[in-house]
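J.: Structure supplied as final_5.cif; contents: mmCIF, C-alpha atoms.
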data_upload
loop_
_atom_site.group_PDB
_atom_site.id
_atom_site.type_symbol
_atom_site.label_atom_id
_atom_site.label_comp_id
_atom_site.auth_asym_id
_atom_site.auth_seq_id
_atom_site.Cartn_x
_atom_site.Cartn_y
_atom_site.Cartn_z
ATOM 1 C CA MET V 25 109.829 103.405 73.801
ATOM 2 C CA THR V 26 109.150 102.806 77.483
ATOM 3 C CA HIS V 27 105.727 102.262 78.967
ATOM 4 C CA HIS V 28 105.823 105.858 80.191
ATOM 5 C CA ASP V 29 105.511 107.028 76.590
ATOM 6 C CA LEU V 30 102.292 105.129 76.031
ATOM 7 C CA GLY V 31 99.098 107.150 76.125
ATOM 8 C CA HIS V 32 95.761 106.205 77.611
ATOM 9 C CA ARG V 33 94.455 104.892 74.287
ATOM 10 C CA ASP V 34 97.479 102.660 73.782
ATOM 11 C CA PHE V 35 96.801 101.050 77.153
ATOM 12 C CA GLU V 36 93.138 100.607 76.272
ATOM 13 C CA ALA V 37 94.091 98.830 73.061
ATOM 14 C CA LEU V 38 96.590 96.635 74.908
ATOM 15 C CA GLU V 39 94.065 95.783 77.610
ATOM 16 C CA GLN V 40 91.418 94.903 75.056
ATOM 17 C CA ALA V 41 93.752 92.707 73.017
ATOM 18 C CA PHE V 42 94.996 90.927 76.133
ATOM 19 C CA ARG V 43 91.495 90.411 77.530
ATOM 20 C CA GLU V 44 90.165 89.076 74.224
ATOM 21 C CA ALA V 45 93.098 86.675 73.925
ATOM 22 C CA LEU V 46 92.512 85.337 77.452
ATOM 23 C CA ILE V 47 88.786 84.935 76.859
ATOM 24 C CA GLY V 48 89.413 83.378 73.427
ATOM 25 C CA ARG V 49 91.649 80.761 75.004
ATOM 26 C CA GLY V 50 89.214 80.005 77.797
ATOM 27 C CA VAL V 51 91.462 81.343 80.602
ATOM 28 C CA LEU V 52 88.779 83.863 81.620
ATOM 29 C CA THR V 53 85.148 84.475 80.751
ATOM 30 C CA ASP V 54 83.377 87.773 80.130
ATOM 31 C CA ALA V 55 81.471 87.107 83.343
ATOM 32 C CA ASP V 56 84.757 86.858 85.314
ATOM 33 C CA VAL V 57 85.901 90.195 83.942
ATOM 34 C CA ASN V 58 82.566 91.874 84.670
ATOM 35 C CA GLU V 59 82.425 90.462 88.176
ATOM 36 C CA ARG V 60 85.899 91.784 88.925
ATOM 37 C CA ALA V 61 85.083 95.209 87.470
ATOM 38 C CA GLU V 62 81.901 95.400 89.531
ATOM 39 C CA LEU V 63 83.817 94.490 92.673
ATOM 40 C CA MET V 64 86.324 97.274 91.990
ATOM 41 C CA TYR V 65 83.600 99.862 91.311
ATOM 42 C CA SER V 66 81.807 98.846 94.528
ATOM 43 C CA ARG V 67 84.889 99.810 96.558
ATOM 44 C CA THR V 68 84.946 103.454 97.614
ATOM 45 C CA PRO V 69 86.830 105.508 100.220
ATOM 46 C CA ALA V 70 83.750 105.226 102.460
ATOM 47 C CA LEU V 71 85.031 101.770 103.430
ATOM 48 C CA GLY V 72 88.387 103.101 104.560
ATOM 49 C CA ALA V 73 86.659 105.971 106.373
ATOM 50 C CA ARG V 74 84.576 103.454 108.351
ATOM 51 C CA VAL V 75 87.780 101.743 109.457
ATOM 52 C CA VAL V 76 89.349 105.060 110.504
ATOM 53 C CA ALA V 77 86.295 106.186 112.497
ATOM 54 C CA ARG V 78 86.087 102.788 114.239
ATOM 55 C CA ALA V 79 89.717 103.180 115.316
ATOM 56 C CA TRP V 80 88.976 106.679 116.683
ATOM 57 C CA PHE V 81 86.129 105.328 118.804
ATOM 58 C CA ASP V 82 87.628 102.028 119.927
ATOM 59 C CA PRO V 83 91.256 102.029 121.161
ATOM 60 C CA ALA V 84 91.333 98.211 121.362
ATOM 61 C CA PHE V 85 90.271 98.016 117.707
ATOM 62 C CA LYS V 86 92.948 100.577 116.847
ATOM 63 C CA ALA V 87 95.589 98.404 118.525
ATOM 64 C CA ARG V 88 94.455 95.354 116.538
ATOM 65 C CA LEU V 89 94.342 97.432 113.345
ATOM 66 C CA LEU V 90 97.958 98.520 113.761
ATOM 67 C CA ALA V 91 99.064 94.973 114.638
ATOM 68 C CA ASP V 92 97.288 93.221 111.737
ATOM 69 C CA GLY V 93 95.402 95.523 109.399
ATOM 70 C CA SER V 94 93.721 92.862 107.247
ATOM 71 C CA ALA V 95 92.409 90.854 110.228
ATOM 72 C CA ALA V 96 91.033 93.969 111.944
ATOM 73 C CA VAL V 97 89.267 95.157 108.791
ATOM 74 C CA ARG V 98 87.623 91.735 108.372
ATOM 75 C CA GLU V 99 86.182 92.151 111.889
ATOM 76 C CA LEU V 100 84.065 94.949 110.412
ATOM 77 C CA GLY V 101 82.709 92.568 107.773
ATOM 78 C CA ILE V 102 84.842 94.089 105.012
ATOM 79 C CA GLU V 103 86.203 91.310 102.814
ATOM 80 C CA VAL V 104 89.622 92.254 101.502
ATOM 81 C CA GLY V 105 90.735 89.120 99.654
ATOM 82 C CA SER V 106 94.492 88.670 99.664
ATOM 83 C CA LEU V 107 95.187 92.261 100.754
ATOM 84 C CA ARG V 108 98.053 92.539 103.266
ATOM 85 C CA LEU V 109 97.164 95.798 104.951
ATOM 86 C CA VAL V 110 99.583 97.892 106.997
ATOM 87 C CA VAL V 111 97.890 100.797 108.776
ATOM 88 C CA VAL V 112 100.208 103.653 109.719
ATOM 89 C CA ALA V 113 98.943 105.975 112.445
ATOM 90 C CA ASP V 114 99.551 109.700 112.544
ATOM 91 C CA GLU V 115 100.656 111.097 115.883
ATOM 92 C CA GLU V 116 100.873 114.627 117.214
ATOM 93 C CA LYS V 117 104.437 114.861 115.873
ATOM 94 C CA VAL V 118 104.302 112.294 113.046
ATOM 95 C CA HIS V 119 102.615 112.571 109.654
ATOM 96 C CA ASN V 120 102.397 109.591 107.277
ATOM 97 C CA LEU V 121 102.290 109.648 103.481
ATOM 98 C CA ILE V 122 101.736 106.761 101.050
ATOM 99 C CA VAL V 123 103.225 106.347 97.583
ATOM 100 C CA CYS V 124 104.110 103.569 95.160
ATOM 101 C CA THR V 125 107.205 104.705 93.270
ATOM 102 C CA LEU V 126 107.351 101.617 91.044
ATOM 103 C CA CYS V 127 103.757 101.550 89.798
ATOM 104 C CA SER V 128 100.420 102.311 91.473
ATOM 105 C CA CYS V 129 100.012 99.877 94.411
ATOM 106 C CA TYR V 130 97.108 101.150 96.479
ATOM 107 C CA PRO V 131 94.652 99.654 99.021
ATOM 108 C CA ARG V 132 91.932 99.295 96.367
ATOM 109 C CA MET V 133 89.798 96.986 98.488
ATOM 110 C CA LEU V 134 89.369 99.862 100.960
ATOM 111 C CA LEU V 135 89.679 102.992 98.817
ATOM 112 C CA GLY V 136 88.620 101.888 95.334
ATOM 113 C CA ILE V 137 90.436 103.011 92.221
ATOM 114 C CA PRO V 138 93.352 105.408 92.841
ATOM 115 C CA PRO V 139 93.199 109.005 91.590
ATOM 116 C CA ASP V 140 95.180 109.776 88.445
ATOM 117 C CA TRP V 141 97.667 111.980 90.304
ATOM 118 C CA TYR V 142 98.630 109.023 92.515
ATOM 119 C CA LYS V 143 99.820 107.233 89.370
ATOM 120 C CA SER V 144 101.617 110.253 87.891
ATOM 121 C CA ILE V 145 105.389 110.211 87.491
ATOM 122 C CA ALA V 146 105.548 113.567 89.290
ATOM 123 C CA TYR V 147 103.854 112.330 92.480
ATOM 124 C CA ARG V 148 105.665 108.996 92.462
ATOM 125 C CA SER V 149 109.109 110.499 92.077
ATOM 126 C CA ARG V 150 108.674 113.565 94.289
ATOM 127 C CA ALA V 151 106.831 112.052 97.268
ATOM 128 C CA VAL V 152 109.942 110.134 98.344
ATOM 129 C CA ARG V 153 112.315 113.006 97.669
ATOM 130 C CA GLU V 154 110.594 116.209 98.746
ATOM 131 C CA PRO V 155 107.457 115.107 100.596
ATOM 132 C CA ARG V 156 107.022 118.443 102.379
ATOM 133 C CA SER V 157 106.958 120.400 99.129
ATOM 134 C CA VAL V 158 104.495 117.924 97.665
ATOM 135 C CA LEU V 159 102.232 118.305 100.704
ATOM 136 C CA VAL V 160 102.350 122.104 100.427
ATOM 137 C CA GLU V 161 101.083 121.763 96.862
ATOM 138 C CA PHE V 162 98.170 119.738 98.227
ATOM 139 C CA GLY V 163 97.486 122.598 100.656
ATOM 140 C CA LEU V 164 99.032 120.981 103.699
ATOM 141 C CA THR V 165 101.925 122.823 105.366
ATOM 142 C CA LEU V 166 103.400 120.821 108.222
ATOM 143 C CA PRO V 167 105.212 122.445 111.151
ATOM 144 C CA ASP V 168 108.963 121.727 111.268
ATOM 145 C CA ASP V 169 108.614 119.689 114.452
ATOM 146 C CA VAL V 170 106.248 117.202 112.806
ATOM 147 C CA ALA V 171 108.252 114.353 111.263
ATOM 148 C CA VAL V 172 107.180 113.036 107.887
ATOM 149 C CA ARG V 173 107.152 109.280 107.370
ATOM 150 C CA VAL V 174 106.852 108.309 103.730
ATOM 151 C CA HIS V 175 105.894 104.711 102.903
ATOM 152 C CA ASP V 176 106.817 103.312 99.488
ATOM 153 C CA SER V 177 104.607 100.286 98.664
ATOM 154 C CA THR V 178 107.243 98.409 96.724
ATOM 155 C CA ALA V 179 106.143 94.814 97.315
ATOM 156 C CA ASP V 180 103.352 92.827 98.994
ATOM 157 C CA MET V 181 101.994 95.295 101.572
ATOM 158 C CA ARG V 182 99.336 97.946 100.972
ATOM 159 C CA TYR V 183 99.040 101.015 103.185
ATOM 160 C CA LEU V 184 96.345 103.115 104.765
ATOM 161 C CA VAL V 185 96.977 106.228 106.844
ATOM 162 C CA LEU V 186 95.068 106.489 110.111
ATOM 163 C CA PRO V 187 94.866 110.270 110.554
ATOM 164 C CA LEU V 188 94.311 111.974 113.899
ATOM 165 C CA ARG V 189 90.748 112.750 114.892
ATOM 166 C CA PRO V 190 90.319 116.496 114.389
ATOM 167 C CA ALA V 191 89.607 118.744 117.356
ATOM 168 C CA GLY V 192 86.038 119.928 117.731
ATOM 169 C CA THR V 193 84.444 116.573 116.895
ATOM 170 C CA ASP V 194 83.641 115.401 120.443
ATOM 171 C CA GLU V 195 79.926 115.785 119.842
ATOM 172 C CA LEU V 196 79.929 113.726 116.647
ATOM 173 C CA ASP V 197 79.033 110.041 116.508
ATOM 174 C CA GLU V 198 81.084 107.462 114.658
ATOM 175 C CA ALA V 199 79.181 107.727 111.363
ATOM 176 C CA ALA V 200 79.449 111.531 111.390
ATOM 177 C CA CYS V 201 83.189 111.245 112.053
ATOM 178 C CA ALA V 202 83.598 108.777 109.180
ATOM 179 C CA ALA V 203 82.048 111.371 106.868
ATOM 180 C CA LEU V 204 84.975 113.718 107.658
ATOM 181 C CA VAL V 205 87.595 111.239 106.418
ATOM 182 C CA SER V 206 88.447 111.785 102.766
ATOM 183 C CA ARG V 207 90.336 109.543 100.390
ATOM 184 C CA ASP V 208 93.203 112.048 100.402
ATOM 185 C CA ALA V 209 93.394 111.952 104.211
ATOM 186 C CA MET V 210 93.903 108.175 104.049
ATOM 187 C CA ILE V 211 96.719 108.600 101.501
ATOM 188 C CA GLY V 212 98.231 111.299 103.690
ATOM 189 C CA VAL V 213 97.998 114.351 101.413
ATOM 190 C CA ALA V 214 95.226 115.972 103.476
ATOM 191 C CA LEU V 215 93.874 116.033 107.028
ATOM 192 C CA PRO V 216 90.302 115.393 108.151
ATOM 193 C CA ARG V 217 88.552 118.594 109.137
ATOM 194 C CA ALA V 218 85.876 119.280 111.705
ATOM 195 C CA PRO V 219 82.669 120.573 110.106
ATOM 196 C CA GLY V 220 81.956 124.304 110.015
ATOM 197 C CA MET I 3 113.413 80.289 105.407
ATOM 198 C CA SER I 4 113.583 82.009 108.792
ATOM 199 C CA PRO I 5 114.314 85.739 108.730
ATOM 200 C CA ARG I 6 117.944 86.690 109.105
ATOM 201 C CA PHE I 7 117.248 90.171 110.452
ATOM 202 C CA ALA I 8 115.212 91.468 113.386
ATOM 203 C CA PRO I 9 113.538 94.840 113.983
ATOM 204 C CA GLY I 10 116.166 97.418 114.919
ATOM 205 C CA ASP I 11 118.988 95.751 112.946
ATOM 206 C CA ARG I 12 121.123 98.025 110.790
ATOM 207 C CA VAL I 13 121.219 96.918 107.165
ATOM 208 C CA ARG I 14 122.358 98.161 103.778
ATOM 209 C CA VAL I 15 120.637 97.634 100.447
ATOM 210 C CA ALA I 16 122.730 95.957 97.748
ATOM 211 C CA GLU I 17 124.085 98.246 95.040
ATOM 212 C CA ARG I 18 123.761 95.681 92.239
ATOM 213 C CA GLU I 19 122.093 96.224 88.908
ATOM 214 C CA VAL I 20 119.802 93.479 87.712
ATOM 215 C CA ALA I 21 117.629 93.310 84.657
ATOM 216 C CA GLY I 22 114.017 92.152 84.839
ATOM 217 C CA HIS I 23 111.134 92.626 87.235
ATOM 218 C CA VAL I 24 112.815 93.923 90.388
ATOM 219 C CA ARG I 25 110.888 95.499 93.259
ATOM 220 C CA THR I 26 113.904 97.198 94.866
ATOM 221 C CA PRO I 27 113.769 100.788 93.585
ATOM 222 C CA LEU I 28 116.971 102.167 92.056
ATOM 223 C CA TYR I 29 116.958 105.186 94.380
ATOM 224 C CA ILE I 30 117.332 103.044 97.501
ATOM 225 C CA ARG I 31 120.152 100.772 96.335
ATOM 226 C CA GLY I 32 123.342 101.144 98.356
ATOM 227 C CA LYS I 33 121.579 103.063 101.164
ATOM 228 C CA PRO I 34 121.760 102.249 104.902
ATOM 229 C CA GLY I 35 118.616 101.729 106.958
ATOM 230 C CA VAL I 36 117.075 99.987 109.947
ATOM 231 C CA ILE I 37 114.669 97.026 109.932
ATOM 232 C CA GLU I 38 111.260 98.417 110.932
ATOM 233 C CA ARG I 39 109.366 95.110 110.849
ATOM 234 C CA ILE I 40 109.275 91.678 109.292
ATOM 235 C CA CYS I 41 106.334 91.486 106.870
ATOM 236 C CA GLY I 42 106.356 87.708 106.396
ATOM 237 C CA ALA I 43 107.680 85.548 103.575
ATOM 238 C CA PHE I 44 106.591 85.925 99.960
ATOM 239 C CA ARG I 45 107.530 84.374 96.658
ATOM 240 C CA ASN I 46 110.234 86.327 94.908
ATOM 241 C CA PRO I 47 108.741 88.669 92.257
ATOM 242 C CA GLU I 48 112.003 88.412 90.313
ATOM 243 C CA GLN I 49 111.033 84.765 89.646
ATOM 244 C CA LEU I 50 107.240 85.059 89.686
ATOM 245 C CA ALA I 51 107.274 87.567 86.841
ATOM 246 C CA TYR I 52 108.824 84.912 84.606
ATOM 247 C CA GLY I 53 106.559 82.020 85.477
ATOM 248 C CA GLU I 54 108.699 80.425 88.200
ATOM 249 C CA TRP I 55 105.810 79.773 90.566
ATOM 250 C CA ASP I 56 107.396 77.237 92.879
ATOM 251 C CA GLY I 57 110.453 79.162 94.098
ATOM 252 C CA PRO I 58 111.036 79.517 97.859
ATOM 253 C CA ALA I 59 109.254 82.222 99.848
ATOM 254 C CA VAL I 60 111.677 84.995 100.743
ATOM 255 C CA PRO I 61 111.513 87.051 103.964
ATOM 256 C CA LEU I 62 110.256 90.561 103.287
ATOM 257 C CA TYR I 63 111.074 93.521 105.527
ATOM 258 C CA ARG I 64 110.073 97.111 105.892
ATOM 259 C CA VAL I 65 113.311 99.062 106.126
ATOM 260 C CA ARG I 66 113.335 102.601 107.487
ATOM 261 C CA PHE I 67 115.729 105.110 105.957
ATOM 262 C CA GLN I 68 116.556 108.649 107.044
ATOM 263 C CA LEU I 69 115.632 110.916 104.159
ATOM 264 C CA GLY I 70 119.039 112.622 104.522
ATOM 265 C CA ASP I 71 120.784 109.270 103.937
ATOM 266 C CA VAL I 72 118.838 108.752 100.731
ATOM 267 C CA TRP I 73 118.962 112.292 99.345
ATOM 268 C CA PRO I 74 121.829 114.454 100.635
ATOM 269 C CA SER I 75 119.815 117.521 99.629
ATOM 270 C CA ALA I 76 116.656 116.453 101.506
ATOM 271 C CA GLU I 77 114.403 119.245 102.798
ATOM 272 C CA ALA I 78 114.277 117.739 106.293
ATOM 273 C CA THR I 79 116.967 115.151 106.811
ATOM 274 C CA ARG I 80 115.254 113.563 109.831
ATOM 275 C CA ASP I 81 112.115 112.702 107.891
ATOM 276 C CA THR I 82 111.990 109.007 107.115
ATOM 277 C CA LEU I 83 111.137 106.691 104.272
ATOM 278 C CA ASP I 84 109.976 103.086 104.752
ATOM 279 C CA VAL I 85 110.506 100.707 101.835
ATOM 280 C CA GLU I 86 109.630 96.996 101.515
ATOM 281 C CA ILE I 87 112.756 95.036 100.621
ATOM 282 C CA TYR I 88 113.337 91.287 100.195
ATOM 283 C CA GLU I 89 116.059 89.695 102.277
ATOM 284 C CA HIS I 90 118.379 88.846 99.396
ATOM 285 C CA TRP I 91 118.831 92.571 98.799
ATOM 286 C CA LEU I 92 120.035 93.274 102.361
ATOM 287 C CA SER I 93 123.330 92.887 104.196
ATOM 288 C CA SER I 94 124.256 93.651 107.817
ATOM 289 C CA GLU I 95 125.851 96.925 108.757
ATOM 290 C CA PRO I 96 128.553 96.873 111.478
ATOM 291 C CA PHE I 97 127.203 96.845 115.042
ATOM 292 C CA GLU I 98 128.906 100.094 116.093
ATOM 293 C CA HIS I 99 126.753 101.981 113.588
ATOM 294 C CA ARG I 100 123.574 100.755 115.244
ATOM 295 C CA LEU I 101 121.136 103.587 115.879
ATOM 296 C CA GLU I 102 120.356 104.607 119.435
ATOM 297 C CA SER I 103 116.633 104.148 119.180
ATOM 298 C CA LYS I 104 114.691 101.412 117.472
ATOM 299 C CA PRO I 105 111.707 102.406 115.383
ATOM 300 C CA ALA I 106 108.388 101.879 117.117
#
Rewrite the coordinates I just gave you, this time as structure tokens.

T.:
Amino acid sequence: MTHHDLGHRDFEALEQAFREALIGRGVLTDADVNERAELMYSRTPALGARVVARAWFDPAFKARLLADGSAAVRELGIEVGSLRLVVVADEEKVHNLIVCTLCSCYPRMLLGIPPDWYKSIAYRSRAVREPRSVLVEFGLTLPDDVAVRVHDSTADMRYLVLPLRPAGTDELDEAACAALVSRDAMIGVALPRAPG
Amino acid sequence: MSPRFAPGDRVRVAEREVAGHVRTPLYIRGKPGVIERICGAFRNPEQLAYGEWDGPAVPLYRVRFQLGDVWPSAEATRDTLDVEIYEHWLSSEPFEHRLESKPA
């Protein structure tokens, strides 16, 4: 049996047994586990959206964000721990897409807990092989002259897509623009849309 | 350990099969690509996973592959795929195969 054959409940049982063993041996405390869980639940895509909107409004920040993602995000007061962030910017003729084919690596400090589909075998195996078909299934059909760049998070880096600012948002302020940036847009399976 | 490769260098991923915790996906082994950037140096997960905490840090690269080089049946062969690969999985490709343009 491989780990792919294990169901949700098997993982729950494994996690519980492992956690209880670590706590029993004094490696961790209940408080450590709760603190970590609370940190994870406090992280939502709104954090990533703030970063994206800042980059839309401040070209110098955008340049720093692309050069060193983690350092730039800390400028905004977002603590990201040991995260090594690589931000990949969409261009008029370039669309970026993030996947982790080996497991479920994801910029959790900026987007929170990944959606279930991100961890599915189907997404993980198809995103690197037929990204355009996968995007169509998410409702995003790219023109032929837009190149797709897929990024497989296989090791120590974590990725965030910086989508293009949609047309028709000139009147919006930074906070209103951030509200247009969805989790899926920062993974690369959707685009931000102007309101209305 | 200073990095052996620089952005724009042509490389090929080793074809070898290794048991254990390996972060080089099977689908990319044996494929040619171009160094997109140097990510820094990190402890080797192939050792870390087995409790060898004090091994040397290994240079890690992002390597860019043409989708058509990875999957002959790719939908759009000029689309690209960037994968993080540790230096010990990479070898140089001959200079004459160097691509015209370096990735941005």

J.: Give me, as a PyMOL selection string, the residues of chain I touching chain V, with the criterion being at most 12 Å (counting all atoms listed in the file).

T.: chain I and resi 23-30+38-48+60-88+105-106

J.: With the PyMOL selection byres ((chain I and resi 9) around 7) as the selection, what would be picked from this file? Answer as a list of chain:residue names, please.

T.: I:Phe7, I:Ala8, I:Gly10, I:Asp11, I:Ile37, I:Glu38, I:Arg39

J.: Tell me which of V:Pro216, V:Lys143, V:Val104, V:Ala61 sits closest to Thr193 (chain V), counting all atoms listed in the file.

T.: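 Looking only at the distances to Thr193 (chain V), the closest residue turns out to be V:Pro216.
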
J.: Tell me, in Å to one decimal, how far CA of Gly53 (chain I) is from CA of Arg43 (chain V).

T.: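 Computing the Euclidean distance for CA of Gly53 (chain I) and CA of Arg43 (chain V) yields 19.0 Å.
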
J.: Extract, using all atoms listed in the file, all DNA, RNA and protein residues at most 9 Å from region 82-95 of chain V, discarding same-chain residues fewer than 5 positions from it, and format them as a ChimeraX atom specification.

T.: /V:75-77,103-113,184

J.: Counting all atoms listed in the file, find residues at most 12 Å from (80.0, 115.2, 103.1) (file frame) and give them as a list in words.

T.: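 The distance filter leaves exactly Ala70, Ala73, Ala199, Ala200, Cys201, Ala202, Ala203, Leu204, Val205, Ser206, Pro216, Arg217, Ala218, Pro219 and Gly220 of chain V.
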
J.: How many Å lie between CA of Phe162 (chain V) and CA of Ala214 (chain V), rounded to one decimal?

T.: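 It comes out at 7.1 Å.
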
J.: Counting all atoms listed in the file, note down every residue that has an atom within 10 Å of the point (87.7, 91.3, 77.2) (file coordinates), as a compact mmCIF listing (two decimals) with C-alpha atoms, keeping the file's coordinate frame.

T.:
# COMPACT_ATOMS: atom_id res chain seq x y z
CA GLU V 39 94.06 95.78 77.61
CA GLN V 40 91.42 94.90 75.06
CA ALA V 41 93.75 92.71 73.02
CA PHE V 42 95.00 90.93 76.13
CA ARG V 43 91.50 90.41 77.53
CA GLU V 44 90.16 89.08 74.22
CA ALA V 45 93.10 86.68 73.92
CA LEU V 46 92.51 85.34 77.45
CA ILE V 47 88.79 84.94 76.86
CA GLY V 48 89.41 83.38 73.43
CA LEU V 52 88.78 83.86 81.62
CA THR V 53 85.15 84.48 80.75
CA ASP V 54 83.38 87.77 80.13
CA ALA V 55 81.47 87.11 83.34
CA ASP V 56 84.76 86.86 85.31
CA VAL V 57 85.90 90.20 83.94
CA ASN V 58 82.57 91.87 84.67

J.: Could you tell me how far CA of Gly31 (chain V) sits from CA of Arg207 (chain V), in Å to one decimal place?

T.: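 Separation of CA of Arg207 (chain V) and CA of Gly31 (chain V): 25.9 Å.
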
J.: What would region 114-125 of chain V look like if you wrote it out as a compact mmCIF listing (two decimals), in the first residue's frame, with N, CA and C atoms included, from the block I just posted?

T.:
# COMPACT_ATOMS: atom_id res chain seq x y z
N ASP V 114 3.24 37.70 -13.77
CA ASP V 114 2.62 37.57 -15.09
C ASP V 114 2.99 38.79 -15.93
N GLU V 115 3.04 38.57 -17.24
CA GLU V 115 3.27 39.66 -18.18
C GLU V 115 2.18 39.55 -19.24
N GLU V 116 2.15 40.54 -20.14
CA GLU V 116 1.12 40.52 -21.17
C GLU V 116 1.12 39.19 -21.94
N LYS V 117 2.32 38.64 -22.15
CA LYS V 117 2.42 37.40 -22.94
C LYS V 117 2.95 36.22 -22.13
N VAL V 118 2.88 36.31 -20.80
CA VAL V 118 3.37 35.23 -19.94
C VAL V 118 2.38 34.98 -18.80
N HIS V 119 1.98 33.73 -18.64
CA HIS V 119 1.10 33.36 -17.53
C HIS V 119 1.79 32.31 -16.66
N ASN V 120 1.80 32.53 -15.35
CA ASN V 120 2.47 31.62 -14.42
C ASN V 120 1.48 30.74 -13.68
N LEU V 121 1.92 29.53 -13.37
CA LEU V 121 1.09 28.55 -12.68
C LEU V 121 1.96 27.78 -11.67
N ILE V 122 1.44 27.60 -10.46
CA ILE V 122 2.20 26.95 -9.39
C ILE V 122 1.64 25.55 -9.12
N VAL V 123 2.56 24.62 -8.87
CA VAL V 123 2.16 23.26 -8.49
C VAL V 123 3.26 22.68 -7.62
N CYS V 124 2.93 21.66 -6.85
CA CYS V 124 3.96 20.86 -6.18
C CYS V 124 3.66 19.42 -6.55
N THR V 125 4.44 18.87 -7.50
CA THR V 125 4.13 17.52 -7.98
C THR V 125 4.46 16.46 -6.94
